[in-house]
Number of protein chains: 2
Amino acid sequence: MTDAKPLRADARRNRDALIAKARELFASGCFNLRFDDFAKLAGVGTGTLYRHFPTREALAEAVYREELTAMCDRARELQATLPADEALESFLRGFVDHLHRHEGLARTLATLMATQSGALAEGAQALGQVINDLLAAAVRTGAIRDDVGAGAVMMTLHGICAAYDHPTYRTDADGVITLVLAGLRRATP
Amino acid sequence: MTDAKPLRADARRNRDALIAKARELFASGCFNLRFDDFAKLAGVGTGTLYRHFPTREALAEAVYREELTAMCDRARELQATLPADEALESFLRGFVDHLHRHEGLARTLATLMATQSGALAEGAQALGQVINDLLAAAVRTGAIRDDVGAGAVMMTLHGICAAYDHPTYRTDADGVITLVLAGLRRATP
DNA sequence: TCAAAATATGGAGACAGTCTCCACTTGTCA
DNA sequence: TGACAAGTGGAGACTGTCTCCATATTTTGA
């Protein structure tokens with residue numbers, strides 16, 4: 001899982017250049033560039049690009065790895081400082097908010113979640129883990145029901161990510177979170 | 001929208017052959033066939049295939065058009081015979097059940113919903129319409145909240161469709177529907 | 001019934017991306 | 001500083017998509 005061999009200096013430089021250029025392009029909404037052209041733009045050869053990132057997804061994951069990590073950290077922080085149900089709500093609302101501002105992240109997450117092929121979905125798994133934890137904590141306090149798993153919540157988030165370019169994105173995404181939260185809330189008997 | 005010109009006899013024959021073969025392949029889980037090879041399999045030339053179906057999505061939509069129509073009819077039937085909230089629940093549960101048995105449909109719907117480019121998404125729009133109607137009826141009877149639109153529900157369904165090949169698909173999808181229904185239910189004040 | 005007009009066919013080949021391969025360059029280590 | 005390991009880049013093979021048009025089939029209407 002963790003990088004076994006430290007990269008040679010020049011290799012590291014190239015890798016960083018690739019990620020930097022990709023981040024820049026993603027941020028400007030440019031996602032469908034020819035892979036070979038992208039290599040040229042980043043100032044490296046095609047072979048080098050492919051050696052570092054065998055697929056588009058691998059590149060996207062590298063670009064958003066940090067961002068995703070930050071998101072997971074935030075979840076853990078919320079969990080440590082708020083009551084379980086508030087932490088959950090706060091995280092989900094913040095998630096949508098963040099996605100709304102970062103189309104590239106939404107697009108990437110949609111792809112990563114769809115890719116069930118283990119290795120590449122590492123980032124998505126990390127996200128799944130923190131949601132799992134948030135839910136488990138809220139179940140423990142009795143704030144939410146225990147008969148619906150994190151998988152279901154992830155599925156709704158997948159739907160949210162996949163719709164990143166719909167015109168009514170924000171409203172609908174907020175609606176989904178509202179439904180999920182209200183649906184999770186334990187019905188007072 | 002509706003077919004303006006009646007196809008010539010041979011053209012109709014070819015079109016039908018293409019749809020029939022595609023349906024057969026989809027049913028056997030074969031989705032990523034080379035488009036040219038597919039033409040050969042159906043016994044027509046590449047040009048003919050492209051004339052009838054300019055894209056994979058166009059073909060997929062044609063294949064599932066009937067199935068989607070049947071689904072919409074079912075919704076209207078439920079709406080005519082059951083109380084609004086039961087109709088909604090019944091439709092959504094049935095939707096997941098159907099998807100679970102027809103991976104091809106799930107895959108197609110996921111694509112169609114993602115494609116926001118008008119024309120191709122016709123099938124998805126029809127689905128959106130019936131859900132809209134089901135929700136509106138339930139809102140009118142006061143059974144469900146009125147501050148979350150059909151777009152949000154569609155988003156969750158998109159998530160369900162997109163995850164058609166996850167190992168825990170069925171459980172999670174059922175969970176999503178549970179959340180959506182419970183979330184929609186008007187909280188008794 | 002048949003010729004002309006309209007419509008449709010098919011598959012060769014142009015084209016656009018992807019990805020590999022390996023002779024060469026650069027970095028590291030003793 | 002030399003030798004070995006690690007990394008590079010880009011030409012070109014490869015794969016799938018899609019167009020084009022000479023040819024074939026169907027329809028029309030006289």
# chains A, B, ... in the order shown; residues from 1 in each chain; ligands from 1
$ closest_atom_pairs --of "chain A" --to "chain B" --cutoff "6 Å" --atoms "only C-alpha atoms" --output "tab-separated table"
residue	atom	partner	partner_atom	distance
A:Val148	CA	B:Gly175	CA	5.3
A:Gly151	CA	B:Asp172	CA	5.4
A:Ala152	CA	B:Asp172	CA	4.4
A:Met155	CA	B:Gly159	CA	5.1
A:Thr156	CA	B:Thr156	CA	4.9
A:His158	CA	B:Gly159	CA	5.1
A:Gly159	CA	B:Gly159	CA	3.6
A:Asp172	CA	B:Ala152	CA	4.4
A:Gly175	CA	B:Ala152	CA	5.3
A:Val176	CA	B:Ala152	CA	5.1
A:Leu179	CA	B:Gly183	CA	4.3
A:Val180	CA	B:Leu179	CA	5.7
A:Ala182	CA	B:Gly183	CA	4.5
A:Gly183	CA	B:Gly183	CA	3.8
$ interface_residues --of "chain C" --to "chain A" --cutoff "12 Å" --atoms "only C-alpha atoms (C1' of nucleotides)" --output "ChimeraX atom specification"
/C:16-22,25-28
$ interface_residues --of "chain D" --to "chain A" --cutoff "10 Å" --atoms "only C-alpha atoms (C1' of nucleotides)" --output "ChimeraX atom specification"
/D:6-10
$ write_last_selection --atoms "N, CA and C atoms (P, O5', C5', C4', C3', O3' and C1' of nucleotides)" --output "PDB file, in the first residue's frame"
ATOM      1  P    DA D   6      17.278  -0.177  -9.381  1.00  0.00           P
ATOM      2  O5'  DA D   6      16.879   1.207 -10.056  1.00  0.00           O
ATOM      3  C5'  DA D   6      17.299   2.423  -9.448  1.00  0.00           C
ATOM      4  C4'  DA D   6      16.782   3.562 -10.288  1.00  0.00           C
ATOM      5  C3'  DA D   6      15.334   3.392 -10.733  1.00  0.00           C
ATOM      6  O3'  DA D   6      14.646   4.566 -10.359  1.00  0.00           O
ATOM      7  C1'  DA D   6      16.718   3.898 -12.588  1.00  0.00           C
ATOM      8  P    DG D   7      13.161   4.802 -10.775  1.00  0.00           P
ATOM      9  O5'  DG D   7      13.366   5.637 -12.123  1.00  0.00           O
ATOM     10  C5'  DG D   7      14.006   6.897 -12.058  1.00  0.00           C
ATOM     11  C4'  DG D   7      14.022   7.507 -13.431  1.00  0.00           C
ATOM     12  C3'  DG D   7      12.646   7.606 -14.090  1.00  0.00           C
ATOM     13  O3'  DG D   7      12.446   8.966 -14.441  1.00  0.00           O
ATOM     14  C1'  DG D   7      14.234   6.699 -15.572  1.00  0.00           C
ATOM     15  P    DT D   8      11.220   9.403 -15.294  1.00  0.00           P
ATOM     16  O5'  DT D   8      11.900   9.517 -16.719  1.00  0.00           O
ATOM     17  C5'  DT D   8      13.019  10.382 -16.893  1.00  0.00           C
ATOM     18  C4'  DT D   8      13.329  10.523 -18.365  1.00  0.00           C
ATOM     19  C3'  DT D   8      12.119  10.884 -19.214  1.00  0.00           C
ATOM     20  O3'  DT D   8      12.438  12.034 -19.985  1.00  0.00           O
ATOM     21  C1'  DT D   8      13.238   8.986 -20.108  1.00  0.00           C
ATOM     22  P    DG D   9      11.254  12.950 -20.419  1.00  0.00           P
ATOM     23  O5'  DG D   9      11.187  12.570 -21.969  1.00  0.00           O
ATOM     24  C5'  DG D   9      12.353  12.719 -22.754  1.00  0.00           C
ATOM     25  C4'  DG D   9      12.088  12.104 -24.109  1.00  0.00           C
ATOM     26  C3'  DG D   9      10.721  12.446 -24.713  1.00  0.00           C
ATOM     27  O3'  DG D   9      10.878  12.511 -26.121  1.00  0.00           O
ATOM     28  C1'  DG D   9      10.892  10.130 -24.492  1.00  0.00           C
ATOM     29  P    DG D  10      10.532  13.746 -26.910  1.00  0.00           P
ATOM     30  O5'  DG D  10      10.357  13.180 -28.379  1.00  0.00           O
ATOM     31  C5'  DG D  10      11.258  12.178 -28.868  1.00  0.00           C
ATOM     32  C4'  DG D  10      10.483  11.051 -29.492  1.00  0.00           C
ATOM     33  C3'  DG D  10       9.106  11.442 -30.070  1.00  0.00           C
ATOM     34  O3'  DG D  10       8.900  10.671 -31.234  1.00  0.00           O
ATOM     35  C1'  DG D  10       8.838   9.676 -28.634  1.00  0.00           C
TER      36       DG D  10
END
$ atom_distance --atom1 "CA of Gln79 (chain B)" --atom2 "CA of Leu134 (chain B)"
6.7 Å
$ atom_distance --atom1 "C1' of DA3 (chain C)" --atom2 "C1' of DA24 (chain D)"
16.0 Å
$ select_by_dssp --residues "chain B" --states "helix (DSSP H, G or I)" --output "PyMOL selection string"
chain B and resi 9-27+35-42+46-52+56-81+84-101+103-114+118-140+150-162+169-184
$ write_last_selection --atoms "C-alpha atoms" --output "tab-separated table (two decimals), in the first residue's frame"
chain	number	residue	atom	x	y	z
B	9	ALA	CA	-38.97	-2.39	-45.43
B	10	ASP	CA	-35.33	-3.49	-45.52
B	11	ALA	CA	-34.28	-0.65	-43.26
B	12	ARG	CA	-36.87	-1.64	-40.70
B	13	ARG	CA	-35.69	-5.24	-40.91
B	14	ASN	CA	-32.10	-4.24	-40.26
B	15	ARG	CA	-33.04	-1.97	-37.43
B	16	ASP	CA	-35.00	-4.73	-35.76
B	17	ALA	CA	-32.18	-7.18	-36.24
B	18	LEU	CA	-29.80	-4.76	-34.56
B	19	ILE	CA	-32.05	-4.24	-31.58
B	20	ALA	CA	-32.74	-7.95	-31.24
B	21	LYS	CA	-29.06	-8.82	-31.28
B	22	ALA	CA	-28.22	-6.03	-28.85
B	23	ARG	CA	-30.90	-7.18	-26.46
B	24	GLU	CA	-29.53	-10.70	-26.63
B	25	LEU	CA	-25.98	-9.55	-25.94
B	26	PHE	CA	-26.97	-7.19	-23.13
B	27	ALA	CA	-28.95	-9.98	-21.51
B	35	PHE	CA	-19.14	-1.58	-32.33
B	36	ASP	CA	-17.99	-2.82	-35.72
B	37	ASP	CA	-17.99	-6.42	-34.53
B	38	PHE	CA	-21.46	-5.95	-33.21
B	39	ALA	CA	-22.63	-4.89	-36.68
B	40	LYS	CA	-21.13	-8.05	-38.12
B	41	LEU	CA	-22.82	-10.17	-35.46
B	42	ALA	CA	-26.16	-8.63	-36.30
B	46	THR	CA	-20.89	-0.92	-40.17
B	47	GLY	CA	-22.45	1.95	-42.06
B	48	THR	CA	-25.91	0.57	-41.51
B	49	LEU	CA	-25.35	0.26	-37.80
B	50	TYR	CA	-24.11	3.83	-37.56
B	51	ARG	CA	-26.98	5.17	-39.64
B	52	HIS	CA	-29.55	3.63	-37.34
B	56	ARG	CA	-23.91	3.22	-28.10
B	57	GLU	CA	-26.37	5.14	-25.98
B	58	ALA	CA	-28.81	5.47	-28.86
B	59	LEU	CA	-28.73	1.72	-29.27
B	60	ALA	CA	-29.09	1.07	-25.57
B	61	GLU	CA	-31.99	3.44	-25.38
B	62	ALA	CA	-33.77	1.72	-28.25
B	63	VAL	CA	-33.27	-1.65	-26.59
B	64	TYR	CA	-34.68	-0.52	-23.28
B	65	ARG	CA	-37.26	1.90	-24.57
B	66	GLU	CA	-40.01	-0.73	-24.28
B	67	GLU	CA	-38.93	-1.81	-20.85
B	68	LEU	CA	-38.82	1.76	-19.66
B	69	THR	CA	-42.23	2.45	-21.11
B	70	ALA	CA	-43.63	-0.57	-19.30
B	71	MET	CA	-42.13	0.76	-16.10
B	72	CYS	CA	-43.78	4.12	-16.57
B	73	ASP	CA	-47.10	2.48	-17.35
B	74	ARG	CA	-46.80	0.52	-14.16
B	75	ALA	CA	-46.28	3.72	-12.21
B	76	ARG	CA	-49.43	5.24	-13.64
B	77	GLU	CA	-51.35	2.09	-12.87
B	78	LEU	CA	-50.17	2.06	-9.28
B	79	GLN	CA	-51.07	5.69	-8.98
B	80	ALA	CA	-54.58	4.98	-10.21
B	81	THR	CA	-55.23	2.09	-7.86
B	84	ALA	CA	-50.51	8.02	-3.15
B	85	ASP	CA	-47.90	7.07	-0.57
B	86	GLU	CA	-48.36	3.36	-1.15
B	87	ALA	CA	-48.09	3.87	-4.90
B	88	LEU	CA	-44.81	5.66	-4.41
B	89	GLU	CA	-43.37	3.01	-2.14
B	90	SER	CA	-44.56	0.21	-4.35
B	91	PHE	CA	-43.04	1.82	-7.41
B	92	LEU	CA	-39.66	2.46	-5.87
B	93	ARG	CA	-39.39	-1.02	-4.37
B	94	GLY	CA	-40.42	-2.54	-7.66
B	95	PHE	CA	-37.91	-0.37	-9.46
B	96	VAL	CA	-35.02	-1.77	-7.45
B	97	ASP	CA	-36.32	-5.28	-7.79
B	98	HIS	CA	-36.52	-4.97	-11.54
B	99	LEU	CA	-33.08	-3.44	-11.79
B	100	HIS	CA	-31.66	-6.22	-9.71
B	101	ARG	CA	-32.84	-8.75	-12.28
B	103	GLU	CA	-28.28	-5.48	-15.01
B	104	GLY	CA	-28.42	-4.21	-18.56
B	105	LEU	CA	-31.26	-1.88	-17.73
B	106	ALA	CA	-29.46	-0.54	-14.69
B	107	ARG	CA	-26.36	0.11	-16.72
B	108	THR	CA	-28.35	1.80	-19.45
B	109	LEU	CA	-30.27	3.99	-17.06
B	110	ALA	CA	-27.09	5.05	-15.33
B	111	THR	CA	-25.73	6.17	-18.68
B	112	LEU	CA	-28.92	7.85	-19.80
B	113	MET	CA	-29.29	9.77	-16.56
B	114	ALA	CA	-25.70	10.92	-16.76
B	118	GLY	CA	-31.53	16.34	-24.18
B	119	ALA	CA	-32.41	14.03	-27.01
B	120	LEU	CA	-30.70	10.92	-25.74
B	121	ALA	CA	-32.04	11.30	-22.26
B	122	GLU	CA	-35.62	11.05	-23.44
B	123	GLY	CA	-36.06	7.75	-21.68
B	124	ALA	CA	-34.73	9.14	-18.44
B	125	GLN	CA	-37.00	12.14	-18.72
B	126	ALA	CA	-40.03	9.89	-19.00
B	127	LEU	CA	-38.95	8.20	-15.79
B	128	GLY	CA	-38.44	11.58	-14.16
B	129	GLN	CA	-41.93	12.55	-15.18
B	130	VAL	CA	-43.69	9.62	-13.55
B	131	ILE	CA	-41.71	10.05	-10.37
B	132	ASN	CA	-42.63	13.68	-10.39
B	133	ASP	CA	-46.28	12.72	-10.67
B	134	LEU	CA	-46.08	10.11	-7.95
B	135	LEU	CA	-44.46	12.60	-5.59
B	136	ALA	CA	-46.85	15.39	-6.44
B	137	ALA	CA	-49.83	13.16	-5.70
B	138	ALA	CA	-48.37	12.13	-2.38
B	139	VAL	CA	-47.64	15.74	-1.49
B	140	ARG	CA	-51.26	16.62	-2.27
B	150	ALA	CA	-38.25	14.85	-7.66
B	151	GLY	CA	-34.75	15.80	-8.76
B	152	ALA	CA	-33.40	14.67	-5.42
B	153	VAL	CA	-35.15	11.33	-5.68
B	154	MET	CA	-33.84	10.92	-9.22
B	155	MET	CA	-30.36	11.57	-7.93
B	156	THR	CA	-30.62	8.72	-5.45
B	157	LEU	CA	-31.96	6.46	-8.20
B	158	HIS	CA	-29.00	7.43	-10.32
B	159	GLY	CA	-26.76	6.28	-7.51
B	160	ILE	CA	-28.61	3.00	-7.38
B	161	CYS	CA	-28.33	2.44	-11.11
B	162	ALA	CA	-24.67	3.30	-11.23
B	169	TYR	CA	-25.89	-4.02	-4.53
B	170	ARG	CA	-29.25	-5.39	-3.45
B	171	THR	CA	-28.92	-4.68	0.24
B	172	ASP	CA	-27.61	-1.18	-0.28
B	173	ALA	CA	-30.19	-0.33	-2.92
B	174	ASP	CA	-32.99	-1.46	-0.65
B	175	GLY	CA	-31.44	0.64	2.08
B	176	VAL	CA	-31.45	3.69	-0.13
B	177	ILE	CA	-35.15	3.27	-0.87
B	178	THR	CA	-35.83	2.84	2.83
B	179	LEU	CA	-34.00	6.07	3.55
B	180	VAL	CA	-35.73	7.97	0.80
B	181	LEU	CA	-39.19	6.81	1.83
B	182	ALA	CA	-38.59	7.44	5.52
B	183	GLY	CA	-37.04	10.78	4.69
B	184	LEU	CA	-39.98	11.84	2.59
$ residues_around --residues "DT23 (chain D)" --least-positions-apart "3" --cutoff "12 Å" --atoms "only C-alpha atoms (C1' of nucleotides)" --output "list in words"
DA8, DT9, DG10 and DG11 of chain C
$ atom_distance --atom1 "CA of Thr55 (chain A)" --atom2 "CA of Gly43 (chain A)"
18.1 Å
